[in-house]
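Heads up: the structure comes next, in structure tokens.
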Amino acid sequence: MAEKFHTELSELRKEAVEMAHFGRSMLRDAVDALIRQDEELAVSVVERKEEIHKMEVRLEERCYQLIALNQPMAKDMRIIACTLKVITASLRIGRYGKVIANIVRDLSDNPHIAHLMSLPHMAELVIDMVDDAIEAYDTDNLRLIESFSSRDDTIDALRHSIFRQGITYMMEDPRTISRCTHYIMVARYLERCADHACKIAENVQYMETGERVEIH
């Protein structure tokens, strides 16, 4: 029974990693669609929302079944608890990708203002954090998430910078209000994705050490 349980637990983690990469791909493609003003790619991101929701339901159910049937303790229970958090964070990252993709159509008619400000750079940093959080969960490598607090501070600073830039452009030219408002919102969505990467990192730390930490 123990061997069967650990085999199923290993398979569950692999599928959770696949879901995390799926959510990450939605965010990555949404950002690319925004940068390139690619409406077709944006539509493909939106269409993936049903698939990631199905993944969430299926994997959560498997987590609950493993708990109910095996009553895991200690590290095994922490793995399942962390996996549930990874599932939730992955869904939300994918959903933010969908929301960004929905904005692309509104921004496809005219050239971007100031090359999207710092949004492309911010997006790269956020996606790097998501990648490292997923890999840390997959490989139990805590070194990948050691710098998350300072990295999250950088993301916060970029969001505030984009907000200030957007307000400046709107004050100088009211015709930019709609476009800059979208930029400010995208920066907010990216910040939230970084926060979800931090939540994964916090739970990986707990999974591995049994100690709870909060990434500020």
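A note on labels: chains of the structure tokens are A, B, ... as shown, every chain counts residues from 1, and ligands are counted from 1 in their shown order.
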Could you make a table, as a tab-separated table, of the residues of stretch 80-155 of chain A that have an atom within 8 Å of an atom of stretch 57-69 of chain A, each with its nearest atom pair and distance in Å to one decimal, counting only C-alpha atoms, in chain and number order?
```
residue	atom	partner	partner_atom	distance
A:Ile80	CA	A:Cys63	CA	6.3
A:Thr83	CA	A:Cys63	CA	7.9
A:Leu84	CA	A:Glu60	CA	6.5
A:Ile87	CA	A:Glu60	CA	7.5
```
How would the residues just picked look written out with C-alpha atoms as an mmCIF file, in the first residue's frame?
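And here's again-v2.cif as it stands now:
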```
data_model
loop_
_atom_site.group_PDB
_atom_site.id
_atom_site.type_symbol
_atom_site.label_atom_id
_atom_site.label_comp_id
_atom_site.auth_asym_id
_atom_site.auth_seq_id
_atom_site.Cartn_x
_atom_site.Cartn_y
_atom_site.Cartn_z
ATOM 1 C CA ILE A 80 -0.069 17.128 -0.919
ATOM 2 C CA THR A 83 0.531 20.509 -4.454
ATOM 3 C CA LEU A 84 -2.913 21.951 -3.733
ATOM 4 C CA ILE A 87 -2.676 23.902 -8.470
#
```
Taking only C-alpha atoms into account, produce a table as CSV in which each residue of stretch 78-108 of chain A with an atom at most 9 Å from an atom of stretch 179-200 of chain A appears once, together with its shortest atom pair and the distance in Å to one decimal, ordered by chain and rising number.
```
residue,atom,partner,partner_atom,distance
A:Cys82,CA,A:Ile200,CA,7.6
A:Thr83,CA,A:Ile200,CA,8.9
A:Lys85,CA,A:Ile200,CA,6.6
A:Val86,CA,A:Ile200,CA,5.8
A:Thr88,CA,A:His196,CA,8.9
A:Ala89,CA,A:His196,CA,5.4
A:Ser90,CA,A:His196,CA,8.0
A:Arg92,CA,A:Cys193,CA,7.7
A:Ile93,CA,A:Cys193,CA,5.5
A:Gly94,CA,A:Cys193,CA,9.0
A:Tyr96,CA,A:Tyr189,CA,6.1
A:Gly97,CA,A:Tyr189,CA,8.4
A:Val99,CA,A:Tyr189,CA,8.3
A:Ile100,CA,A:Val186,CA,6.4
A:Ile103,CA,A:His182,CA,7.3
A:Asp106,CA,A:Arg179,CA,8.2
A:Leu107,CA,A:Arg179,CA,6.7
```
Nearby residues (only C-alpha atoms) at most 8 Å from A:Ile52, same-chain spacing under 5 positions excluded, as a PyMOL selection string: chain A and resi 19+22-23+91+94
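If you count only C-alpha atoms and ignore residues fewer than 4 places along the chain from A:Asp38, what sits within 12 Å of it is Asp29, Ala30, Val31, Asp32, Ala33, Leu34, Ala42, Val43, Ser44, Val45, Ala101, Asn102, Ile103, Val104, Arg105, Asp106, Leu107, Ser108 and Asp109 of chain A.
For the atom pair formed by atom CA of A:Arg36 and atom CA of A:Glu124, the distance is 14.9 Å, given to one decimal.
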Atom-to-atom span, atom CA of A:His216 and atom CA of A:Ala157, Å: 13.3 Å
